[in-house]
file start33.txt (compact mmCIF, C-alpha atoms)
# COMPACT_ATOMS: atom_id res chain seq x y z
CA MET A 145 69.04 89.22 94.78
CA ILE A 146 70.31 85.84 95.92
CA ASN A 147 69.28 84.84 99.46
CA ILE A 148 72.44 83.63 101.23
CA GLU A 149 70.70 81.26 103.65
CA GLN A 150 68.94 79.53 100.76
CA LEU A 151 72.17 79.45 98.74
CA ILE A 152 73.95 77.72 101.62
CA ALA A 153 71.09 75.24 102.11
CA ASP A 154 71.06 74.36 98.40
CA PHE A 155 74.80 73.63 98.47
CA GLU A 156 74.51 71.49 101.58
CA ASP A 157 71.69 69.52 99.92
CA CYS A 158 74.15 68.40 97.23
CA ILE A 159 76.52 66.59 99.63
CA GLY A 160 77.24 63.12 98.24
CA TRP A 161 76.08 63.82 94.68
CA PRO A 162 78.43 62.42 92.00
CA TYR A 163 80.95 64.70 90.31
CA ALA A 164 80.53 65.06 86.55
CA SER A 165 81.85 67.67 84.13
CA PRO A 166 79.91 68.66 82.22
CA GLY A 167 77.12 67.39 84.39
CA THR A 168 73.37 67.67 84.40
CA ASN A 169 73.49 70.02 87.42
CA ASP A 170 71.35 67.70 89.52
CA GLU A 171 71.70 64.50 91.57
CA ARG A 172 72.84 62.62 88.44
CA GLY A 173 76.08 64.61 88.26
CA ILE A 174 77.41 68.12 88.86
CA ASP A 175 80.70 70.01 88.75
CA CYS A 176 82.03 72.84 90.91
CA SER A 177 80.61 75.85 89.06
CA GLY A 178 77.53 73.84 88.11
CA MET A 179 76.60 73.96 91.79
CA PHE A 180 76.39 77.73 91.52
CA VAL A 181 74.36 77.50 88.30
CA ARG A 182 71.90 75.14 90.01
CA ALA A 183 71.59 77.20 93.21
CA TYR A 184 71.05 80.43 91.26
CA ARG A 185 68.46 78.78 89.02
CA LEU A 186 66.52 77.62 92.09
CA GLN A 187 66.19 81.29 93.05
CA GLY A 188 65.21 82.40 89.56
CA GLN A 189 68.65 83.86 88.79
CA ARG A 190 71.46 83.10 86.34
CA ILE A 191 75.24 82.92 86.69
CA TYR A 192 77.94 82.00 84.18
CA HIS A 193 79.18 78.42 84.25
CA GLY A 194 82.91 78.33 84.90
CA SER A 195 84.97 79.28 87.94
CA ASN A 196 87.23 81.62 85.95
CA THR A 197 84.26 83.56 84.59
CA ILE A 198 82.64 83.76 88.02
CA TRP A 199 85.91 85.19 89.40
CA ARG A 200 86.09 87.79 86.64
CA LYS A 201 82.42 88.76 86.25
CA HIS A 202 80.37 87.90 89.34
CA LEU A 203 82.26 89.20 92.39
CA SER A 204 81.75 92.55 94.10
CA THR A 205 85.01 92.24 96.04
CA LYS A 206 87.71 89.59 96.30
CA GLY A 207 91.13 88.86 97.70
CA PRO A 208 93.64 86.26 98.90
CA ILE A 209 92.85 84.01 101.85
CA ASP A 210 95.37 84.98 104.52
CA ALA A 211 93.51 83.46 107.46
CA LEU A 212 90.22 81.87 108.44
CA SER A 213 89.07 85.32 109.56
CA ASN A 214 88.86 86.33 105.86
CA LEU A 215 85.93 83.97 105.34
CA ARG A 216 82.20 84.26 106.02
CA PRO A 217 79.25 82.02 105.16
CA GLY A 218 78.02 82.72 101.63
CA MET A 219 81.44 83.59 100.19
CA ALA A 220 82.83 81.82 97.15
CA VAL A 221 86.37 80.45 97.48
CA PHE A 222 88.79 79.49 94.73
CA LYS A 223 91.81 77.32 94.02
CA TRP A 224 94.34 78.94 91.72
CA LYS A 225 97.14 78.21 89.26
CA PRO A 226 99.54 80.87 87.87
CA ASP A 227 98.96 80.30 84.15
CA THR A 228 95.99 82.24 82.74
CA PRO A 229 93.74 80.23 80.36
CA ALA A 230 94.16 81.31 76.73
CA LYS A 231 90.61 82.65 76.37
CA PHE A 232 91.25 85.42 78.91
CA SER A 233 93.24 88.51 77.94
CA ASP A 234 94.43 89.34 81.48
CA THR A 235 97.23 87.80 83.53
CA GLU A 236 95.27 87.00 86.69
CA GLY A 237 95.89 83.28 86.49
CA ASP A 238 93.65 80.24 86.45
CA PHE A 239 90.92 80.14 89.10
CA CYS A 240 90.53 76.46 88.43
CA HIS A 241 88.11 75.37 91.15
CA ILE A 242 85.31 77.00 93.16
CA GLY A 243 83.40 76.20 96.32
CA LEU A 244 81.06 77.90 98.78
CA VAL A 245 81.72 78.64 102.44
CA THR A 246 78.64 77.34 104.25
CA SER A 247 80.06 77.71 107.77
CA VAL A 248 83.16 79.16 109.40
CA SER A 249 82.77 77.74 112.92
CA PRO A 250 83.30 74.92 112.19
CA LEU A 251 84.67 75.56 108.72
CA ARG A 252 82.76 73.95 105.84
CA ILE A 253 83.58 74.59 102.19
CA VAL A 254 81.14 72.67 99.98
CA HIS A 255 82.31 71.80 96.46
CA ALA A 256 82.06 69.17 93.76
CA SER A 257 85.45 67.48 93.86
CA THR A 258 87.42 65.13 91.63
CA GLU A 259 88.86 63.76 94.89
CA GLY A 260 86.35 60.99 95.55
CA MET A 261 84.33 62.17 92.53
CA LYS A 262 81.51 63.61 94.61
CA VAL A 263 80.26 66.73 96.38
CA LYS A 264 81.90 67.05 99.77
CA ALA A 265 82.67 69.57 102.51
CA ASP A 266 86.26 70.57 103.32
CA ARG A 267 86.95 71.37 106.97
CA LYS A 268 90.34 73.02 106.42
CA ILE A 269 91.44 75.89 104.17
CA GLY A 270 94.02 73.58 102.59
CA LYS A 271 94.64 74.63 98.96
CA TRP A 272 91.85 77.22 98.82
CA GLN A 273 93.68 80.46 98.02
CA TYR A 274 91.18 83.23 97.20
CA TRP A 275 87.79 84.44 98.48
CA GLY A 276 85.10 86.42 96.67
CA VAL A 277 81.81 88.07 97.59
CA LEU A 278 79.19 87.17 94.97
CA ALA A 279 77.80 90.39 93.49
CA GLU A 280 74.26 89.01 93.39
CA THR A 281 74.13 88.46 97.17
CA ASP A 282 73.55 90.99 99.93
CA LEU A 283 76.68 89.89 101.79
CA ALA A 284 78.44 93.12 102.71
CA PRO A 285 82.13 93.44 101.78
CA GLN A 286 84.67 93.05 104.55
CA GLU A 287 84.67 96.19 106.60
CA ILE A 288 86.24 97.74 109.64
CA VAL A 289 83.84 97.82 112.58
CA PRO A 290 83.63 101.01 114.68
CA GLU A 291 85.54 99.61 117.66
CA GLN A 292 88.45 98.79 115.34
CA ALA A 293 88.95 102.46 114.45
CA ALA A 294 91.10 102.95 117.53
CA ALA A 295 93.32 100.05 116.44
CA LEU A 296 94.46 101.55 113.14
CA PRO A 297 98.27 101.43 112.69
CA VAL A 298 98.67 105.18 113.11
CA ASP A 299 102.48 104.98 113.31
CA ALA A 300 102.79 103.31 109.91
CA LEU A 301 103.87 105.35 106.90
CA LEU A 302 102.30 103.94 103.76
CA ARG A 303 102.58 104.83 100.09
CA ARG A 304 101.99 103.24 96.69
CA GLY A 305 103.80 99.92 96.30
CA ASP A 306 103.54 98.93 99.96
CA ARG A 307 101.98 95.59 100.92
CA GLY A 308 100.87 93.84 104.07
CA GLU A 309 98.53 93.98 107.03
CA ASP A 310 98.89 97.74 107.55
CA VAL A 311 97.69 98.29 103.98
CA LYS A 312 94.71 96.02 104.65
CA ALA A 313 93.86 98.09 107.73
CA LEU A 314 93.97 101.21 105.57
CA GLN A 315 91.75 99.61 102.93
CA ARG A 316 89.22 98.42 105.53
CA ALA A 317 89.02 101.92 106.98
CA LEU A 318 88.51 103.47 103.54
CA ARG A 319 85.89 100.87 102.65
CA HIS A 320 84.09 101.45 105.94
CA ILE A 321 83.63 105.12 105.13
CA GLY A 322 82.34 104.47 101.63
CA TYR A 323 85.24 103.98 99.22
CA ASP A 324 84.97 101.14 96.70
CA LEU A 325 88.19 99.12 96.76
CA GLU A 326 89.39 95.58 97.39
CA ILE A 327 90.97 94.59 100.69
CA ASP A 328 93.95 92.79 99.20
CA GLY A 329 96.86 94.30 101.14
CA VAL A 330 98.37 95.91 98.03
CA PHE A 331 98.73 99.70 97.88
CA GLY A 332 98.07 100.02 94.16
CA ARG A 333 96.44 102.55 91.86
CA ILE A 334 92.90 102.22 93.23
CA THR A 335 94.03 102.51 96.86
CA LEU A 336 96.13 105.55 95.90
CA GLU A 337 93.14 107.22 94.23
CA CYS A 338 90.96 106.56 97.28
CA VAL A 339 93.60 107.96 99.64
CA LYS A 340 93.99 111.12 97.54
CA SER A 341 90.23 111.56 97.35
CA PHE A 342 89.93 111.17 101.12
CA GLN A 343 92.77 113.63 101.71
CA GLY A 344 91.23 116.18 99.35
CA SER A 345 87.83 115.89 101.04
CA ASN A 346 89.34 116.46 104.49
CA SER A 347 91.63 119.45 103.91
CA LEU A 348 94.77 117.31 103.81
CA VAL A 349 97.63 117.44 101.29
CA ARG A 350 96.65 115.17 98.36
CA ASP A 351 100.01 113.41 98.17
CA GLY A 352 98.74 109.83 98.50
CA ILE A 353 101.05 109.19 101.46
CA VAL A 354 99.36 107.88 104.59
CA GLY A 355 101.08 109.35 107.63
CA PRO A 356 99.97 110.60 111.06
CA LEU A 357 97.61 113.31 109.77
CA THR A 358 95.82 110.99 107.33
CA TRP A 359 95.59 108.18 109.91
CA GLY A 360 94.23 110.61 112.47
CA LYS A 361 91.50 111.86 110.15
CA LEU A 362 90.63 108.29 109.10
CA GLN A 363 90.34 107.34 112.74
CA GLU A 364 88.08 110.30 113.41
CA VAL A 365 85.81 109.71 110.41
CA ALA A 366 85.59 105.93 110.98
CA ARG A 367 84.41 106.46 114.55
CA ASP A 368 81.61 108.72 113.30
CA GLU A 369 80.28 106.20 110.76

call {"tool": "encode", "arguments": {"input": "start33.txt", "output": "structure tokens"}}
result
Amino acid sequence: MINIEQLIADFEDCIGWPYASPGTNDERGIDCSGMFVRAYRLQGQRIYHGSNTIWRKHLSTKGPIDALSNLRPGMAVFKWKPDTPAKFSDTEGDFCHIGLVTSVSPLRIVHASTEGMKVKADRKIGKWQYWGVLAETDLAPQEIVPEQAAALPVDALLRRGDRGEDVKALQRALRHIGYDLEIDGVFGRITLECVKSFQGSNSLVRDGIVGPLTWGKLQEVARDE
């Protein structure tokens, strides 16, 4: 297991190092994913080199950055382009650059950058578009906290295909009570399966539609967790 505090410290230690790709992953030169390779190696662990591979193979949960509140120290963040590199068979796009959130107040995203050709810390979200929780860390996925249970959008009617903040609230509530899904604001197949499973386990109609009865039971169960 990767220790987050040590991970953050190892990234901060690289500030000012020259950018090089491929680099030697030390003070002579390093690139963005090479910083992860180095930090993992210092803790006796291994991670793939390459931001696209890290996005696809090393994250326990991930999603778009909608606001600063999405981020926590120890998260990886990514810049993105729409065209998927040829070596990948999916259509997720090109996660072309990676950094690590070392602080959120104030914000610091440490990364090896071609802007200035060195390791630096960004203080604004800027062009960072996606976040990811590294699977090898003990950073818990984003969750709903108990006092938020009363704030669920109980008047919303949600079904597959819906998007937005109400869907995120639904996903946080489901994740809080033990369901494994991303908090991405998209009511897709996985969210539908989780909703139906929850409904079936709580004597509700398994129709996958989240209305007053499903919200009410979610609210009740979330408070008990």

call {"tool": "residues_near_point", "arguments": {"input": "start33.txt", "point": "(72.7, 78.6, 102.6)", "cutoff": "10 Å", "atoms": "only C-alpha atoms", "output": "ChimeraX atom specification"}}
result
/A:147-157,183,217-218,244-247

call {"tool": "atom_distance", "arguments": {"input": "start33.txt", "atom1": "atom CA of A:Val221", "atom2": "atom CA of A:Gly276"}}
result
6.2 Å

call {"tool": "atom_distance", "arguments": {"input": "start33.txt", "atom1": "atom CA of A:Tyr274", "atom2": "atom CA of A:Glu259"}}
result
19.7 Å

call {"tool": "atom_distance", "arguments": {"input": "start33.txt", "atom1": "atom CA of A:Lys262", "atom2": "atom CA of A:Met145"}}
result
28.5 Å

call {"tool": "closest_residue", "arguments": {"input": "start33.txt", "among": "A:Leu212, A:Val365, A:Ile321, A:Cys158", "to": "A:Arg267", "atoms": "only C-alpha atoms"}}
result
A:Leu212

call {"tool": "closest_residue", "arguments": {"input": "start33.txt", "among": "A:Gly188, A:Gly270, A:Gly360, A:Pro208", "to": "A:Ala317", "atoms": "only C-alpha atoms"}}
result
A:Gly360

call {"tool": "residues_near_point", "arguments": {"input": "start33.txt", "point": "(95.0, 95.6, 103.5)", "cutoff": "10 Å", "atoms": "all atoms listed in the file", "output": "VMD selection string"}}
result
chain A and resid 207 306 to 317 326 to 331 335

call {"tool": "residues_around", "arguments": {"input": "start33.txt", "residues": "stretch 170-173 of chain A", "least_positions_apart": "4", "cutoff": "12 Å", "atoms": "all atoms listed in the file", "output": "PyMOL selection string"}}
result
chain A and resi 154-155+157-166+178-183+185-186+256-258+261-263

call {"tool": "write_last_selection", "arguments": {"input": "start33.txt", "atoms": "C-alpha atoms", "output": "JSON list (two decimals), keeping the file's coordinate frame"}}
result
[["chain", "number", "residue", "atom", "x", "y", "z"],
["A", 154, "ASP", "CA", 71.06, 74.36, 98.40],
["A", 155, "PHE", "CA", 74.80, 73.63, 98.47],
["A", 157, "ASP", "CA", 71.69, 69.52, 99.92],
["A", 158, "CYS", "CA", 74.15, 68.40, 97.23],
["A", 159, "ILE", "CA", 76.52, 66.59, 99.63],
["A", 160, "GLY", "CA", 77.24, 63.12, 98.24],
["A", 161, "TRP", "CA", 76.08, 63.82, 94.68],
["A", 162, "PRO", "CA", 78.43, 62.42, 92.00],
["A", 163, "TYR", "CA", 80.95, 64.70, 90.31],
["A", 164, "ALA", "CA", 80.53, 65.06, 86.55],
["A", 165, "SER", "CA", 81.85, 67.67, 84.13],
["A", 166, "PRO", "CA", 79.91, 68.66, 82.22],
["A", 178, "GLY", "CA", 77.53, 73.84, 88.11],
["A", 179, "MET", "CA", 76.60, 73.96, 91.79],
["A", 180, "PHE", "CA", 76.39, 77.73, 91.52],
["A", 181, "VAL", "CA", 74.36, 77.50, 88.30],
["A", 182, "ARG", "CA", 71.90, 75.14, 90.01],
["A", 183, "ALA", "CA", 71.59, 77.20, 93.21],
["A", 185, "ARG", "CA", 68.46, 78.78, 89.02],
["A", 186, "LEU", "CA", 66.52, 77.62, 92.09],
["A", 256, "ALA", "CA", 82.06, 69.17, 93.76],
["A", 257, "SER", "CA", 85.45, 67.48, 93.86],
["A", 258, "THR", "CA", 87.42, 65.13, 91.63],
["A", 261, "MET", "CA", 84.33, 62.17, 92.53],
["A", 262, "LYS", "CA", 81.51, 63.61, 94.61],
["A", 263, "VAL", "CA", 80.26, 66.73, 96.38]]

call {"tool": "closest_residue", "arguments": {"input": "start33.txt", "among": "A:Ser204, A:Asn214, A:Asn196, A:Ser341", "to": "A:Pro229", "atoms": "only C-alpha atoms"}}
result
A:Asn196

call {"tool": "closest_residue", "arguments": {"input": "start33.txt", "among": "A:Ile334, A:Val277, A:Leu325, A:Ala220", "to": "A:Arg304", "atoms": "only C-alpha atoms"}}
result
A:Ile334

call {"tool": "closest_residue", "arguments": {"input": "start33.txt", "among": "A:Leu362, A:Ile174, A:Ala230, A:Ile191", "to": "A:Val298", "atoms": "all atoms listed in the file"}}
result
A:Leu362

call {"tool": "closest_residue", "arguments": {"input": "start33.txt", "among": "A:Leu296, A:Leu318, A:Leu215, A:Leu278", "to": "A:Lys340", "atoms": "all atoms listed in the file"}}
result
A:Leu318

call {"tool": "residues_around", "arguments": {"input": "start33.txt", "residues": "A:Phe239", "least_positions_apart": "6", "cutoff": "9 Å", "atoms": "all atoms listed in the file", "output": "ChimeraX atom specification"}}
result
/A:195-197,199,222-226,228,274

call {"tool": "residues_around", "arguments": {"input": "start33.txt", "residues": "A:Asp351", "least_positions_apart": "3", "cutoff": "9 Å", "atoms": "all atoms listed in the file", "output": "list of chain:residue names"}}
result
A:Val339, A:Lys340, A:Gln343, A:Leu348, A:Val354
